[in-house]
Each structure stands twice: as structure tokens, then as C-alpha cells.
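Okay, so here's the structure we're looking at.
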Amino acid sequence: MRASEPGSRDPGFAVYVHWPFCLSKCPYCDFNSHVREAVDQGRWRAALLREIDHYAALTPGRRVTSVFFGGGTPSLMAPETTKAVIGRIGERWGYAADPEITLEANPTSVEAGRFAAYERAGVNRVSLGVQALDNEDLKALGRAHDARQAVDAVALARDTFPRYSFDLIYARPGHTPADWAPELARGLEMAGDHLSLYQLTIEEGTAFHAAARDGRLVLPDEDTAAELYELTRDMTAAAGMPAYEISNHAAPGGESRHNMTYWRYGEYAGIGPGAHGRLHLDGVVAATAQRRKPETWLALAERQGHGTELMAPVAPAESGEEMVMMGLRTVEGVDLARLAAVSGRPLDQAVDAGALAALLDQGLLVRTPGRLTAAPGAWPVLNEVIRRLLG
């Protein structure tokens, strides 16, 4: 089975490309995103291509199964830059059959009008940051679009690309199951083969964090949040788009192949400011990270061909822990043969054996021949399960 096929458990080889610029900073966002009055597309295009050259030279013989343009707002990238990046990845690494090439976009009318150019550039999947289908909540979330623009952008994505997805956020301030049920039902009617449904969390350093600290923003209580989570699981499953990962839902075969590379602990190269990677170099897993500040990264990429801030080996035991943390987020769980190969230890030695036995007894984890999975009841408390499992 080809690594790029949806049903394959081969992690593949992915390339993540970070475009750090946004029109405005959303109050809940802690991503590496920045507002700039002007961006020199030519300089940025050349710098991204140079960094691709650098990492391709370090990883010969790979075939790219997926590319993901994330941000920031990649739909502010000139389509010519997108095309050049897709082309250079093909020249330097080569593509596996049927690669998935995704671009994140915001559903403003101006950006949506560029979809045809991105499709011609080689993008075959778009991921839209809709976030809500209620105008008041969109304002509260700091979004620049309204619900009508979101609906229109999704329709245009459906007409332009072979595949599309969009994000919605629930458990917003004042959000109740009575609010969410019709909104999610509308989202499911609009959906293609994939939906990302996130519970709003407050991240340190964001405007929402300061508002929550000062009592100006109050999220739903734990019981309401749990109801919203269960409602989300039930409605998506009934619609034929069950959760395949904690926050991601898909029809069979519609899973994000790119994200599955992360969750299966596969190899991926991170290109652009703040991008992270995990590469297999000389038999060792290496963690990479690029300089976060756009101007610093750009200057380094122009001067030395890349903006790498970190390239360090990851100890086998730590790699095993990372693989467990990522794999338990998914329905398919952790491949125990690969865990032993990556960590150099069997499951009972790669994790806290006592905690593993207790979690199995409690029905929070399930061990079957060759795999370890989180039971459905464990997903709402998965962070605590993983904390116990890894000691």
C-alpha cells in the first residue's frame, strides 16, 4: 500500500512550510504569527527555496507524501510563491504518488478569490479557519470575516479543490449545547470529508489569557464543556464523520495525511520561521527548529541558506515518549513494534509499567496485539492519562 494512501499506516515523509504573516492577531492565538504592513514576496520566496534546498540535501532519497502550508495566514502568500515552493520540493525530494498538498486559508472574500490560483499552483486541499458560524462570536474571536463570508468561502473551496476542511471552535464564552447543536449541524451540512472541531483553550501570552485572568472572559464550566464534547462526538459519528483524533473528524479515507505523519511519529521537515521538524539523520532522530522572528529567520536564510536555531539528537527514550503522546491522540493508537524500534525498549519499559497496568485495569487504555490505544472514555482526560503513563 502506498504511503500516501489514506488507509496506509506508513507515516510518510511530510514537509511543513510556515508563512508567519496575518492581517491581524486573533486574541486566542499563540501561534508564531505576526502583522506586518508590507512583505517582500520575492525575498521570502527565495529564502524559502534556499531552506528547502538545505534540508533536502540533509535527507536524500525521501519521497514527500504531504506538504502543509501553515501560519499565520498562508492565503496571504502570493500564489507564485506557493507554486515555486511546491515545485522546488518536487525537484529536490520528489513526490510520492498522489501527494496531499494543503494550504490554510482565512475565509475573507479577497483571499477566497485567490483559490483558483492556488489550485493551479498545485494545492489540492484547503483548510479554512472558519471558527464560528455566529457573527457575534466571530467578532469576539477577533475574526475578520462574518458568517456569510465563511459559508461562501467553503462553497468556493468545494468547487475549486478536490478536498477541503474547515475549523470550528466550541466551548466559547457563554456557549451551550443548545447553541452548538444547530451550529454543528450546519457545519456538517457544509463539510466535505474532514472537519477540525476544537474546544477553546486559553493559552498563556494571548489576549484571551489576560482577559480570563482579569475576569473579563469566562469559559463554560467543566460540566458544560464535557456536554459540548460528547455532543460533538455523537453528532459527527451519526453524520459519518467520527473522530479519528481528539479534535479531528473525517469520513473514511478523509483523514489528514499530513497530520497523520505527526501522530504516527513519522519524519517531517519544517521550513520557515518557527517551524519544527523531526528527521532521521544517520540513524538518529533529530529535532529541528527554525528562528521564530520573521526578520531574523529571513536574514539567516539569505546569509547561510537556512534559519535553523536548533538541530539536536532526540534520545531514544524521549522519542518513545513523544511517539506515545502523539499516537494516543488517535483512534488507531500506538504501533508497539515501531515504538520498540524507535525507543529501543518494549512498551512495558518505554512507559511506567505500574501506571500502564493500572490504566489498563481502569479501562482507560486498551492493549491489543501490536497496539496500544486510549479508550473513548479516556479522551476527555487524555493529558492526565499520558502524564501518569510517562511518569
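Residue numbering restarts at 1 in every chain; chains get A, B, ... in the order shown in the C-alpha cells, and ligands count up from 1 in that same order.
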Just list as a CSV table (one decimal) with N, CA and C atoms, in the first residue's frame whatever in segment 157-211 of chain A DSSP marks as alpha helix (DSSP H).
chain,number,residue,atom,x,y,z
A,157,ALA,N,-14.4,26.7,-1.9
A,157,ALA,CA,-13.4,25.6,-1.7
A,157,ALA,C,-13.9,24.3,-2.3
A,158,ARG,N,-15.2,24.0,-2.0
A,158,ARG,CA,-15.8,22.8,-2.5
A,158,ARG,C,-15.7,22.7,-4.0
A,159,ASP,N,-15.9,23.9,-4.7
A,159,ASP,CA,-16.0,23.9,-6.1
A,159,ASP,C,-14.6,24.0,-6.8
A,160,THR,N,-13.5,24.3,-6.0
A,160,THR,CA,-12.2,24.6,-6.5
A,160,THR,C,-11.2,23.4,-6.3
A,177,PRO,N,-24.9,23.7,24.9
A,177,PRO,CA,-25.2,22.7,23.9
A,177,PRO,C,-26.4,23.1,23.0
A,178,ALA,N,-27.3,23.9,23.5
A,178,ALA,CA,-28.4,24.4,22.7
A,178,ALA,C,-27.9,25.3,21.6
A,179,ASP,N,-26.8,26.0,21.8
A,179,ASP,CA,-26.2,26.9,20.8
A,179,ASP,C,-25.4,26.1,19.8
A,180,TRP,N,-24.7,25.1,20.3
A,180,TRP,CA,-23.7,24.4,19.5
A,180,TRP,C,-24.4,23.4,18.6
A,181,ALA,N,-25.5,22.7,19.0
A,181,ALA,CA,-26.1,21.7,18.2
A,181,ALA,C,-26.5,22.2,16.8
A,182,PRO,N,-27.2,23.3,16.7
A,182,PRO,CA,-27.6,23.7,15.3
A,182,PRO,C,-26.4,24.3,14.5
A,183,GLU,N,-25.5,24.9,15.2
A,183,GLU,CA,-24.3,25.4,14.5
A,183,GLU,C,-23.4,24.2,14.0
A,184,LEU,N,-23.3,23.2,14.8
A,184,LEU,CA,-22.5,22.0,14.3
A,184,LEU,C,-23.3,21.3,13.2
A,185,ALA,N,-24.6,21.2,13.3
A,185,ALA,CA,-25.4,20.6,12.3
A,185,ALA,C,-25.2,21.3,10.9
A,186,ARG,N,-25.2,22.6,11.0
A,186,ARG,CA,-24.9,23.4,9.8
A,186,ARG,C,-23.5,23.1,9.2
A,187,GLY,N,-22.6,23.1,10.1
A,187,GLY,CA,-21.2,22.8,9.7
A,187,GLY,C,-21.1,21.4,9.0
A,188,LEU,N,-21.8,20.4,9.6
A,188,LEU,CA,-21.8,19.1,9.0
A,188,LEU,C,-22.4,19.1,7.6
A,189,GLU,N,-23.4,19.9,7.4
A,189,GLU,CA,-24.1,20.0,6.1
A,189,GLU,C,-23.1,20.6,5.1
A,190,MET,N,-22.2,21.5,5.5
A,190,MET,CA,-21.3,22.2,4.6
A,190,MET,C,-20.0,21.4,4.4
A,207,ALA,N,-4.2,37.5,24.3
A,207,ALA,CA,-5.1,38.5,24.8
A,207,ALA,C,-6.2,37.8,25.6
A,208,PHE,N,-6.6,36.7,25.2
A,208,PHE,CA,-7.7,35.9,26.0
A,208,PHE,C,-7.1,35.5,27.3
A,209,HIS,N,-5.9,35.2,27.4
A,209,HIS,CA,-5.3,34.8,28.7
A,209,HIS,C,-5.4,36.0,29.7
A,210,ALA,N,-5.0,37.2,29.2
A,210,ALA,CA,-5.1,38.3,30.1
A,210,ALA,C,-6.6,38.6,30.5
A,211,ALA,N,-7.5,38.5,29.6
A,211,ALA,CA,-8.9,38.7,29.8
A,211,ALA,C,-9.5,37.7,30.8
Shell around Met326 of chain A at 8 Å using only C-alpha atoms, local window under 4 positions removed, as a ChimeraX atom specification = /A:262-265,322,330
Near Gln41 of chain A, within 8 Å and counting only C-alpha atoms, which residues show up once chain neighbours fewer than 4 positions away are dropped, as a PDB file with N, CA and C atoms, in the first residue's frame?
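The file below, result_1.pdb, is the result:
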ATOM      1  N   ARG A  45      10.156  34.342  -1.001  1.00  0.00           N
ATOM      2  CA  ARG A  45      10.140  33.170  -1.886  1.00  0.00           C
ATOM      3  C   ARG A  45      11.552  32.600  -2.021  1.00  0.00           C
ATOM      4  N   MET A  77       0.040  34.491   1.109  1.00  0.00           N
ATOM      5  CA  MET A  77       1.213  34.214   0.282  1.00  0.00           C
ATOM      6  C   MET A  77       0.838  34.365  -1.189  1.00  0.00           C
ATOM      7  N   ALA A  78       1.707  34.978  -1.966  1.00  0.00           N
ATOM      8  CA  ALA A  78       1.456  35.094  -3.396  1.00  0.00           C
ATOM      9  C   ALA A  78       1.365  33.703  -4.013  1.00  0.00           C
ATOM     10  N   THR A  81       4.549  32.292  -5.152  1.00  0.00           N
ATOM     11  CA  THR A  81       5.426  31.733  -4.128  1.00  0.00           C
ATOM     12  C   THR A  81       5.010  30.312  -3.804  1.00  0.00           C
TER      13      THR A  81
END
Test item: residues at most 6 Å from segment 161-171 of chain A, only C-alpha atoms, excluding those fewer than 6 positions along its chain, as a list of chain:residue names = A:Asn124, A:Arg125, A:Val126, A:Ser127, A:Leu128, A:Gly129, A:Val130, A:Gln131, A:Ala132, A:His194, A:Leu195, A:Ser196, A:Leu197, A:Tyr198, A:Gln199, A:Leu200, A:Ala225
Keeping only N, CA and C atoms, take the residues you just selected and write them out as a PDB file, in the first residue's frame.
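And here is the file that came out, selection.pdb:
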ATOM      1  N   ASN A 124      -3.999  20.901  -3.553  1.00  0.00           N
ATOM      2  CA  ASN A 124      -5.161  20.045  -3.812  1.00  0.00           C
ATOM      3  C   ASN A 124      -6.053  19.846  -2.596  1.00  0.00           C
ATOM      4  N   ARG A 125      -5.748  20.591  -1.531  1.00  0.00           N
ATOM      5  CA  ARG A 125      -6.583  20.538  -0.328  1.00  0.00           C
ATOM      6  C   ARG A 125      -6.449  21.872   0.389  1.00  0.00           C
ATOM      7  N   VAL A 126      -7.560  22.429   0.845  1.00  0.00           N
ATOM      8  CA  VAL A 126      -7.522  23.690   1.575  1.00  0.00           C
ATOM      9  C   VAL A 126      -8.159  23.479   2.937  1.00  0.00           C
ATOM     10  N   SER A 127      -7.617  24.169   3.933  1.00  0.00           N
ATOM     11  CA  SER A 127      -8.143  24.114   5.296  1.00  0.00           C
ATOM     12  C   SER A 127      -8.518  25.524   5.719  1.00  0.00           C
ATOM     13  N   LEU A 128      -9.801  25.739   5.944  1.00  0.00           N
ATOM     14  CA  LEU A 128     -10.322  27.079   6.196  1.00  0.00           C
ATOM     15  C   LEU A 128     -10.521  27.335   7.696  1.00  0.00           C
ATOM     16  N   GLY A 129     -10.054  28.476   8.155  1.00  0.00           N
ATOM     17  CA  GLY A 129     -10.241  28.869   9.547  1.00  0.00           C
ATOM     18  C   GLY A 129     -11.575  29.571   9.747  1.00  0.00           C
ATOM     19  N   VAL A 130     -12.657  28.820   9.694  1.00  0.00           N
ATOM     20  CA  VAL A 130     -13.999  29.406   9.864  1.00  0.00           C
ATOM     21  C   VAL A 130     -14.215  29.817  11.310  1.00  0.00           C
ATOM     22  N   GLN A 131     -14.007  28.904  12.247  1.00  0.00           N
ATOM     23  CA  GLN A 131     -14.039  29.086  13.703  1.00  0.00           C
ATOM     24  C   GLN A 131     -15.430  29.231  14.309  1.00  0.00           C
ATOM     25  N   ALA A 132     -16.353  29.896  13.644  1.00  0.00           N
ATOM     26  CA  ALA A 132     -17.720  30.009  14.162  1.00  0.00           C
ATOM     27  C   ALA A 132     -18.650  30.383  13.009  1.00  0.00           C
ATOM     28  N   HIS A 194     -13.737  16.183   5.853  1.00  0.00           N
ATOM     29  CA  HIS A 194     -12.938  16.422   7.063  1.00  0.00           C
ATOM     30  C   HIS A 194     -13.425  17.670   7.796  1.00  0.00           C
ATOM     31  N   LEU A 195     -13.417  17.605   9.128  1.00  0.00           N
ATOM     32  CA  LEU A 195     -13.712  18.750   9.983  1.00  0.00           C
ATOM     33  C   LEU A 195     -12.746  18.752  11.156  1.00  0.00           C
ATOM     34  N   SER A 196     -12.263  19.927  11.546  1.00  0.00           N
ATOM     35  CA  SER A 196     -11.493  20.074  12.773  1.00  0.00           C
ATOM     36  C   SER A 196     -12.344  20.864  13.764  1.00  0.00           C
ATOM     37  N   LEU A 197     -12.598  20.281  14.927  1.00  0.00           N
ATOM     38  CA  LEU A 197     -13.501  20.862  15.918  1.00  0.00           C
ATOM     39  C   LEU A 197     -12.755  20.967  17.237  1.00  0.00           C
ATOM     40  N   TYR A 198     -12.398  22.195  17.596  1.00  0.00           N
ATOM     41  CA  TYR A 198     -11.538  22.433  18.748  1.00  0.00           C
ATOM     42  C   TYR A 198     -12.303  23.043  19.903  1.00  0.00           C
ATOM     43  N   GLN A 199     -12.013  22.567  21.102  1.00  0.00           N
ATOM     44  CA  GLN A 199     -12.528  23.234  22.294  1.00  0.00           C
ATOM     45  C   GLN A 199     -11.637  24.431  22.589  1.00  0.00           C
ATOM     46  N   LEU A 200     -12.240  25.583  22.816  1.00  0.00           N
ATOM     47  CA  LEU A 200     -11.464  26.795  23.075  1.00  0.00           C
ATOM     48  C   LEU A 200     -10.641  26.619  24.345  1.00  0.00           C
ATOM     49  N   ALA A 225     -18.613  22.004  29.351  1.00  0.00           N
ATOM     50  CA  ALA A 225     -17.597  21.651  28.352  1.00  0.00           C
ATOM     51  C   ALA A 225     -17.658  20.163  28.024  1.00  0.00           C
TER      52      ALA A 225
END
Between A:Gly174, A:Ala84, A:Asp146, A:Cys22, single out the one closest to Ala105 of chain A, counting only C-alpha atoms.
-> A:Cys22
Could you name the residues that touch segment 9-19 of chain A at 6 Å or less, counting only C-alpha atoms, but leaving out those on the same chain fewer than 4 positions away, as a list of chain:residue names?
->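 Non-adjacent residues within range: A:Ala3, A:Val64, A:Thr65, A:Ser66, A:Val67, A:Phe68, A:Phe69, A:Gly70, A:Gly71, A:Gly72, A:Pro74, A:Thr261, A:Arg264, A:Gly266, A:Glu267, A:Tyr268, A:Ala269, A:Gly270, A:Ile271, A:Gly272.
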Next, the residues of the selection above should be written as a short mmCIF file (atom, residue, chain, number, x, y, z; two decimals), in the first residue's frame with N, CA and C atoms.
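Written file, out-v6.cif:
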data_model
loop_
_atom_site.label_atom_id
_atom_site.label_comp_id
_atom_site.auth_asym_id
_atom_site.auth_seq_id
_atom_site.Cartn_x
_atom_site.Cartn_y
_atom_site.Cartn_z
N ALA A 3 2.42 4.87 0.75
CA ALA A 3 2.43 5.69 1.96
C ALA A 3 1.43 6.81 1.88
N VAL A 64 8.20 12.82 -0.81
CA VAL A 64 7.27 13.60 0.00
C VAL A 64 5.84 13.11 -0.21
N THR A 65 5.19 12.77 0.90
CA THR A 65 3.80 12.31 0.84
C THR A 65 2.81 13.43 1.10
N SER A 66 3.26 14.50 1.79
CA SER A 66 2.35 15.62 2.03
C SER A 66 3.13 16.90 2.25
N VAL A 67 2.51 18.01 1.89
CA VAL A 67 3.01 19.35 2.15
C VAL A 67 1.89 20.12 2.82
N PHE A 68 2.24 20.90 3.84
CA PHE A 68 1.23 21.70 4.53
C PHE A 68 1.75 23.11 4.67
N PHE A 69 1.03 24.07 4.08
CA PHE A 69 1.33 25.49 4.26
C PHE A 69 0.52 25.99 5.44
N GLY A 70 1.20 26.28 6.56
CA GLY A 70 0.52 26.73 7.76
C GLY A 70 0.97 28.12 8.15
N GLY A 71 0.36 28.66 9.20
CA GLY A 71 0.70 30.02 9.57
C GLY A 71 0.25 30.37 10.97
N GLY A 72 0.10 31.70 11.13
CA GLY A 72 -0.02 32.72 10.11
C GLY A 72 -1.21 32.48 9.21
N PRO A 74 -1.40 31.54 5.38
CA PRO A 74 -0.75 31.24 4.10
C PRO A 74 -1.50 31.74 2.88
N THR A 261 1.10 11.93 9.69
CA THR A 261 2.55 11.76 9.77
C THR A 261 3.05 12.18 11.15
N ARG A 264 1.72 9.62 13.83
CA ARG A 264 2.40 8.31 13.72
C ARG A 264 3.90 8.43 13.97
N GLY A 266 6.19 10.11 12.29
CA GLY A 266 6.98 9.99 11.08
C GLY A 266 7.96 11.14 10.94
N GLU A 267 8.67 11.15 9.83
CA GLU A 267 9.63 12.21 9.53
C GLU A 267 8.94 13.40 8.90
N TYR A 268 9.34 14.59 9.32
CA TYR A 268 8.85 15.80 8.65
C TYR A 268 9.89 16.91 8.75
N ALA A 269 10.00 17.65 7.67
CA ALA A 269 10.90 18.79 7.62
C ALA A 269 10.10 20.06 7.85
N GLY A 270 10.61 20.93 8.72
CA GLY A 270 9.96 22.20 8.99
C GLY A 270 10.69 23.33 8.30
N ILE A 271 9.98 24.06 7.45
CA ILE A 271 10.56 25.14 6.65
C ILE A 271 9.89 26.46 7.04
N GLY A 272 10.68 27.50 7.26
CA GLY A 272 10.12 28.82 7.56
C GLY A 272 10.21 29.16 9.03
#
Selected residue, from A:Thr232, A:Gln349, A:Thr368, A:Thr296, that lies nearest to Gly391 of chain A when counting only C-alpha atoms = A:Gln349
What lies within 8 Å of Leu310 of chain A using only C-alpha atoms, ignoring chain neighbours under 3 positions off, as a PyMOL selection string?
-> chain A and resi 287-290
